[in-house]
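Shown next: final01.pdb, given as PDB, C-alpha atoms, pLDDT in the B column.
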MODEL        1
ATOM      1  CA  MET A   1     -39.016  10.376 -21.426  1.00 48.00           C
ATOM      2  CA  ALA A   2     -35.596  11.962 -21.890  1.00 53.00           C
ATOM      3  CA  PRO A   3     -32.691   9.686 -22.808  1.00 55.00           C
ATOM      4  CA  GLU A   4     -30.185   9.113 -20.036  1.00 65.00           C
ATOM      5  CA  GLN A   5     -27.165  11.353 -20.213  1.00 68.00           C
ATOM      6  CA  GLN A   6     -23.678  10.188 -19.430  1.00 67.00           C
ATOM      7  CA  PRO A   7     -22.096  12.131 -16.568  1.00 69.00           C
ATOM      8  CA  ARG A   8     -19.608  14.695 -17.810  1.00 75.00           C
ATOM      9  CA  ARG A   9     -15.976  13.844 -17.077  1.00 75.00           C
ATOM     10  CA  GLU A  10     -14.074  16.152 -14.775  1.00 72.00           C
ATOM     11  CA  THR A  11     -11.192  17.966 -16.456  1.00 76.00           C
ATOM     12  CA  GLY A  12      -7.761  18.220 -14.892  1.00 70.00           C
ATOM     13  CA  GLY A  13      -8.287  21.905 -14.151  1.00 74.00           C
ATOM     14  CA  GLU A  14     -11.612  21.203 -12.474  1.00 75.00           C
ATOM     15  CA  ARG A  15     -10.024  18.462 -10.381  1.00 68.00           C
ATOM     16  CA  ARG A  16      -7.212  20.769  -9.274  1.00 67.00           C
ATOM     17  CA  ALA A  17      -9.792  23.465  -8.450  1.00 70.00           C
ATOM     18  CA  ARG A  18     -11.783  20.920  -6.426  1.00 66.00           C
ATOM     19  CA  TYR A  19      -8.634  20.014  -4.505  1.00 60.00           C
ATOM     20  CA  ASP A  20      -7.954  23.710  -3.924  1.00 62.00           C
ATOM     21  CA  ALA A  21     -11.485  24.258  -2.583  1.00 60.00           C
ATOM     22  CA  ASP A  22     -11.935  24.218   1.179  1.00 51.00           C
ATOM     23  CA  GLU A  23     -14.530  21.419   1.160  1.00 56.00           C
ATOM     24  CA  SER A  24     -12.212  18.860  -0.431  1.00 64.00           C
ATOM     25  CA  ARG A  25      -8.758  18.300   0.989  1.00 72.00           C
ATOM     26  CA  SER A  26      -6.348  15.937  -0.663  1.00 74.00           C
ATOM     27  CA  LEU A  27      -4.523  13.120   1.093  1.00 76.00           C
ATOM     28  CA  ARG A  28      -1.257  15.029   0.835  1.00 77.00           C
ATOM     29  CA  GLU A  29      -2.829  18.091   2.472  1.00 77.00           C
ATOM     30  CA  ARG A  30      -4.379  16.036   5.275  1.00 80.00           C
ATOM     31  CA  ILE A  31      -1.002  14.401   6.006  1.00 81.00           C
ATOM     32  CA  ALA A  32       0.753  17.787   5.860  1.00 78.00           C
ATOM     33  CA  ASP A  33      -1.623  19.150   8.509  1.00 79.00           C
ATOM     34  CA  THR A  34      -0.733  16.505  11.081  1.00 83.00           C
ATOM     35  CA  ARG A  35       1.443  17.583  13.994  1.00 86.00           C
ATOM     36  CA  TRP A  36       4.283  15.119  13.317  1.00 83.00           C
ATOM     37  CA  ARG A  37       4.461  16.114   9.627  1.00 81.00           C
ATOM     38  CA  ARG A  38       4.509  19.841  10.451  1.00 84.00           C
ATOM     39  CA  ARG A  39       7.452  19.219  12.808  1.00 85.00           C
ATOM     40  CA  ILE A  40       9.351  17.384  10.077  1.00 81.00           C
ATOM     41  CA  ALA A  41       8.511  20.065   7.500  1.00 80.00           C
ATOM     42  CA  GLY A  42       9.781  22.758   9.852  1.00 83.00           C
ATOM     43  CA  ARG A  43      13.327  21.433   9.654  1.00 83.00           C
ATOM     44  CA  ARG A  44      14.723  21.395   6.120  1.00 84.00           C
ATOM     45  CA  SER A  45      17.573  19.078   7.122  1.00 86.00           C
ATOM     46  CA  ILE A  46      14.974  16.418   8.003  1.00 84.00           C
ATOM     47  CA  ASN A  47      12.227  17.285   5.512  1.00 84.00           C
ATOM     48  CA  GLU A  48      14.184  16.650   2.311  1.00 87.00           C
ATOM     49  CA  PRO A  49      15.575  13.248   3.401  1.00 88.00           C
ATOM     50  CA  TYR A  50      12.069  12.307   4.593  1.00 88.00           C
ATOM     51  CA  ARG A  51      10.583  13.121   1.173  1.00 87.00           C
ATOM     52  CA  ILE A  52      13.388  11.200  -0.537  1.00 91.00           C
ATOM     53  CA  GLY A  53      12.748   8.251   1.785  1.00 92.00           C
ATOM     54  CA  VAL A  54       9.023   8.308   1.017  1.00 91.00           C
ATOM     55  CA  GLY A  55       9.860   8.419  -2.702  1.00 93.00           C
ATOM     56  CA  VAL A  56      12.262   5.487  -2.461  1.00 95.00           C
ATOM     57  CA  VAL A  57       9.949   3.331  -0.321  1.00 94.00           C
ATOM     58  CA  GLY A  58       6.904   4.128  -2.473  1.00 94.00           C
ATOM     59  CA  GLY A  59       8.882   3.520  -5.655  1.00 94.00           C
ATOM     60  CA  LEU A  60      10.113   0.151  -4.380  1.00 95.00           C
ATOM     61  CA  ILE A  61       6.565  -0.880  -3.469  1.00 95.00           C
ATOM     62  CA  VAL A  62       5.323   0.137  -6.931  1.00 93.00           C
ATOM     63  CA  ALA A  63       8.214  -1.740  -8.587  1.00 93.00           C
ATOM     64  CA  LEU A  64       7.463  -4.853  -6.534  1.00 93.00           C
ATOM     65  CA  GLY A  65       3.800  -4.597  -7.532  1.00 90.00           C
ATOM     66  CA  LEU A  66       4.660  -4.186 -11.207  1.00 89.00           C
ATOM     67  CA  ALA A  67       6.852  -7.283 -11.031  1.00 87.00           C
ATOM     68  CA  ALA A  68       4.017  -9.184  -9.317  1.00 85.00           C
ATOM     69  CA  ILE A  69       1.283  -8.229 -11.807  1.00 80.00           C
ATOM     70  CA  PRO A  70       1.742 -11.185 -14.178  1.00 74.00           C
ATOM     71  CA  LEU A  71       2.133 -13.620 -11.282  1.00 72.00           C
ATOM     72  CA  PRO A  72      -0.747 -15.029  -9.275  1.00 71.00           C
ATOM     73  CA  GLY A  73      -1.433 -12.707  -6.389  1.00 74.00           C
ATOM     74  CA  PRO A  74      -2.258  -9.106  -5.607  1.00 85.00           C
ATOM     75  CA  GLY A  75       0.064  -7.314  -8.052  1.00 84.00           C
ATOM     76  CA  TRP A  76      -2.252  -4.398  -8.779  1.00 85.00           C
ATOM     77  CA  LEU A  77      -3.099  -4.038  -5.113  1.00 90.00           C
ATOM     78  CA  ILE A  78       0.618  -3.685  -4.329  1.00 92.00           C
ATOM     79  CA  VAL A  79       0.989  -1.039  -7.062  1.00 91.00           C
ATOM     80  CA  ILE A  80      -1.949   0.921  -5.622  1.00 91.00           C
ATOM     81  CA  ALA A  81      -0.449   0.643  -2.121  1.00 93.00           C
ATOM     82  CA  GLY A  82       2.827   2.075  -3.463  1.00 94.00           C
ATOM     83  CA  LEU A  83       0.938   4.926  -5.126  1.00 92.00           C
ATOM     84  CA  PHE A  84      -0.813   5.568  -1.828  1.00 92.00           C
ATOM     85  CA  VAL A  85       2.576   5.895  -0.080  1.00 93.00           C
ATOM     86  CA  LEU A  86       3.850   8.234  -2.805  1.00 93.00           C
ATOM     87  CA  ALA A  87       0.617  10.260  -2.744  1.00 91.00           C
ATOM     88  CA  THR A  88       1.265  11.259   0.860  1.00 89.00           C
ATOM     89  CA  GLU A  89       4.069  13.530  -0.389  1.00 88.00           C
ATOM     90  CA  PHE A  90       3.811  14.014  -4.160  1.00 90.00           C
ATOM     91  CA  LEU A  91       0.985  15.689  -6.088  1.00 88.00           C
ATOM     92  CA  TRP A  92       1.659  13.709  -9.296  1.00 91.00           C
ATOM     93  CA  ALA A  93       1.233  10.433  -7.405  1.00 91.00           C
ATOM     94  CA  GLU A  94      -1.984  11.681  -5.843  1.00 89.00           C
ATOM     95  CA  ARG A  95      -3.358  12.535  -9.280  1.00 89.00           C
ATOM     96  CA  LEU A  96      -2.299   9.141 -10.628  1.00 91.00           C
ATOM     97  CA  LEU A  97      -3.936   7.415  -7.665  1.00 89.00           C
ATOM     98  CA  GLU A  98      -7.161   9.385  -8.274  1.00 88.00           C
ATOM     99  CA  PHE A  99      -7.047   8.446 -11.978  1.00 91.00           C
ATOM    100  CA  THR A 100      -6.537   4.778 -11.047  1.00 88.00           C
ATOM    101  CA  LYS A 101      -9.388   4.791  -8.530  1.00 86.00           C
ATOM    102  CA  GLU A 102     -11.709   6.365 -11.098  1.00 89.00           C
ATOM    103  CA  HIS A 103     -10.898   3.766 -13.753  1.00 90.00           C
ATOM    104  CA  VAL A 104     -11.143   0.819 -11.352  1.00 87.00           C
ATOM    105  CA  LYS A 105     -14.575   2.089 -10.304  1.00 89.00           C
ATOM    106  CA  GLN A 106     -15.647   2.414 -13.955  1.00 92.00           C
ATOM    107  CA  TRP A 107     -14.437  -1.136 -14.666  1.00 89.00           C
ATOM    108  CA  THR A 108     -16.187  -2.655 -11.662  1.00 89.00           C
ATOM    109  CA  ASP A 109     -19.388  -0.753 -12.469  1.00 91.00           C
ATOM    110  CA  TRP A 110     -19.234  -1.993 -16.072  1.00 92.00           C
ATOM    111  CA  VAL A 111     -18.605  -5.598 -15.030  1.00 90.00           C
ATOM    112  CA  GLY A 112     -21.425  -5.387 -12.481  1.00 90.00           C
ATOM    113  CA  ASP A 113     -23.830  -4.238 -15.210  1.00 91.00           C
ATOM    114  CA  GLN A 114     -23.029  -7.208 -17.463  1.00 91.00           C
ATOM    115  CA  PRO A 115     -25.061 -10.413 -17.587  1.00 93.00           C
ATOM    116  CA  VAL A 116     -23.859 -13.333 -15.495  1.00 93.00           C
ATOM    117  CA  TRP A 117     -22.425 -15.189 -18.502  1.00 94.00           C
ATOM    118  CA  VAL A 118     -20.165 -12.219 -19.357  1.00 92.00           C
ATOM    119  CA  ARG A 119     -18.908 -12.021 -15.766  1.00 93.00           C
ATOM    120  CA  LEU A 120     -18.233 -15.760 -15.765  1.00 94.00           C
ATOM    121  CA  LEU A 121     -16.405 -15.442 -19.092  1.00 94.00           C
ATOM    122  CA  ILE A 122     -14.246 -12.606 -17.691  1.00 92.00           C
ATOM    123  CA  GLY A 123     -13.468 -14.761 -14.633  1.00 90.00           C
ATOM    124  CA  LEU A 124     -12.607 -17.761 -16.819  1.00 94.00           C
ATOM    125  CA  VAL A 125     -10.316 -15.734 -19.088  1.00 92.00           C
ATOM    126  CA  THR A 126      -8.613 -14.236 -16.029  1.00 86.00           C
ATOM    127  CA  ALA A 127      -8.128 -17.681 -14.461  1.00 87.00           C
ATOM    128  CA  LEU A 128      -6.719 -19.078 -17.727  1.00 89.00           C
ATOM    129  CA  PHE A 129      -4.306 -16.146 -17.985  1.00 85.00           C
ATOM    130  CA  VAL A 130      -3.092 -16.626 -14.409  1.00 80.00           C
ATOM    131  CA  TYR A 131      -2.741 -20.384 -15.014  1.00 82.00           C
ATOM    132  CA  GLY A 132      -0.753 -19.738 -18.203  1.00 84.00           C
ATOM    133  CA  VAL A 133       1.577 -17.324 -16.411  1.00 79.00           C
ATOM    134  CA  LEU A 134       2.048 -19.894 -13.641  1.00 78.00           C
ATOM    135  CA  VAL A 135       2.890 -22.656 -16.133  1.00 78.00           C
ATOM    136  CA  VAL A 136       5.371 -20.440 -17.992  1.00 81.00           C
ATOM    137  CA  THR A 137       6.938 -19.348 -14.690  1.00 78.00           C
ATOM    138  CA  LEU A 138       7.314 -22.972 -13.593  1.00 76.00           C
ATOM    139  CA  HIS A 139       8.793 -23.837 -16.984  1.00 75.00           C
ATOM    140  CA  LEU A 140      11.364 -21.056 -16.780  1.00 78.00           C
ATOM    141  CA  THR A 141      12.297 -21.488 -13.118  1.00 77.00           C
ATOM    142  CA  GLY A 142      11.709 -25.203 -12.791  1.00 73.00           C
ATOM    143  CA  VAL A 143       9.178 -27.048 -10.707  1.00 70.00           C
ATOM    144  CA  PRO A 144      10.345 -27.331  -7.090  1.00 70.00           C
ATOM    145  CA  GLY A 145      10.751 -30.832  -5.696  1.00 70.00           C
ATOM    146  CA  TRP A 146       8.148 -30.266  -2.988  1.00 70.00           C
ATOM    147  CA  ALA A 147       5.401 -29.540  -5.546  1.00 67.00           C
ATOM    148  CA  PRO A 148       2.728 -32.234  -5.928  1.00 65.00           C
ATOM    149  CA  GLY A 149       2.791 -34.555  -8.916  1.00 66.00           C
ATOM    150  CA  TRP A 150      -0.116 -32.872 -10.679  1.00 61.00           C
ATOM    151  CA  VAL A 151       1.918 -29.714 -11.330  1.00 57.00           C
ATOM    152  CA  PRO A 152       1.849 -29.531 -15.120  1.00 57.00           C
ATOM    153  CA  LEU A 153       4.278 -30.508 -17.790  1.00 52.00           C
ATOM    154  CA  TRP A 154       7.884 -29.867 -16.806  1.00 50.00           C
ATOM    155  CA  ARG A 155       8.882 -31.928 -13.815  1.00 45.00           C
TER     156      ARG A 155
ENDMDL
END
What does this structure look like when you write it as C-alpha cells?
Amino acid sequence: MAPEQQPRRETGGERRARYDADESRSLRERIADTRWRRRIAGRRSINEPYRIGVGVVGGLIVALGLAAIPLPGPGWLIVIAGLFVLATEFLWAERLLEFTKEHVKQWTDWVGDQPVWVRLLIGLVTALFVYGVLVVTLHLTGVPGWAPGWVPLWR
C-alpha cells in the first residue's frame, strides 16, 4: 500500500494560467461580460468613477468587517463580503479572495477531521475569547442601563 500523498499546492503562475484558460473564468471576467458592465466600460467618463466607487464601497465594507472581527458577530463574513465586492473589479482582490477561500476550506477540513473533544475545545476557546472581548468592550464603553443585571462586573 502506497502512503497517501498530500495534494501539490497551486503556484501563483499556475493559478493565473488557470484563470487565463477558457474553461475557468474569474468573477471579474464574468462581471465584465455582462451587458450593463460593457456599457459602463464603453464610456471612460463613467467607467473610472464606477471603479472608484466600487473600490470605496468595498474598502468601507472591509474596514467595517475588520473593526467587527474582535466583537461578537460576523466580522470575518463582512470582510469576505467586502473582498467579494472588490473582486468584481480588481484582480488583486480576486486573488486575495481565492487565497482566503482556500485557507478557510483547509481550516474547516482540518477541524472536521479532528476528534469531537478537539472540536469542543476549539468551540470553548472561541466562546471564551468572544466573552472576554464583550466584557472588555462593556468595561471600556460602559454597560447600558437597559442591560439585565447579570451583565458582568462593571455596572
request  = For the file shown, report as a ChimeraX atom specification the outcome of the PyMOL selection byres ((chain A and resi 60-62) around 10) at residue level.
outcome  = /A:54-59,63-68,75-86
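Coordinates place CA of Glu48 in chain A at a distance of 10.9 Å from CA of Glu89 in chain A.
The interatomic distance for the pair CA of Ala87 in chain A and CA of Pro70 in chain A works out to 24.3 Å.
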Between A:Leu91, A:Ala41, A:Leu71, A:Leu96, smallest distance to Val136 in chain A by all atoms listed in the file belongs to A:Leu71
So which residues touch Thr88 in chain A within 12 Å, counting only C-alpha atoms, skipping near sequence neighbours fewer than 6 positions away, as a compact mmCIF listing (two decimals) with C-alpha atoms, in the coordinates of the input?
# COMPACT_ATOMS: atom_id res chain seq x y z
CA SER A 26 -6.35 15.94 -0.66
CA LEU A 27 -4.52 13.12 1.09
CA ARG A 28 -1.26 15.03 0.84
CA GLU A 29 -2.83 18.09 2.47
CA ARG A 30 -4.38 16.04 5.28
CA ILE A 31 -1.00 14.40 6.01
CA ALA A 32 0.75 17.79 5.86
CA ASP A 33 -1.62 19.15 8.51
CA THR A 34 -0.73 16.50 11.08
CA ARG A 37 4.46 16.11 9.63
CA TYR A 50 12.07 12.31 4.59
CA ARG A 51 10.58 13.12 1.17
CA GLY A 53 12.75 8.25 1.78
CA VAL A 54 9.02 8.31 1.02
CA GLY A 55 9.86 8.42 -2.70
CA VAL A 57 9.95 3.33 -0.32
CA GLY A 58 6.90 4.13 -2.47
CA ALA A 81 -0.45 0.64 -2.12
CA GLY A 82 2.83 2.08 -3.46
CA GLU A 94 -1.98 11.68 -5.84
CA ARG A 95 -3.36 12.54 -9.28
CA LEU A 97 -3.94 7.42 -7.66
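Picture a line from CA of Ile69 in chain A to CA of Phe99 in chain A; it runs 18.6 Å.
Here the question is which of A:Gly13, A:Pro115, A:Ser45, A:Gly73 gets nearest to Val133 in chain A using all atoms listed in the file, and that residue is A:Gly73.
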In terms of the shortest atom-to-atom distance over only C-alpha atoms, which of A:Trp36, A:Gly42, A:Pro72, A:Thr11 is closest to Val135 in chain A?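 Looking only at the distances to Val135 in chain A, the closest residue turns out to be A:Pro72.
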Taking all atoms of range 99-109 of chain A that the file lists and extending 6 Å past them on each side, where is the centre of the axis-aligned box and how long are its edges? Answer in Å to one decimal, as lines of an AutoDock Vina configuration file.
center_x = -13.0
center_y = 2.9
center_z = -11.6
size_x = 24.9
size_y = 23.1
size_z = 18.1
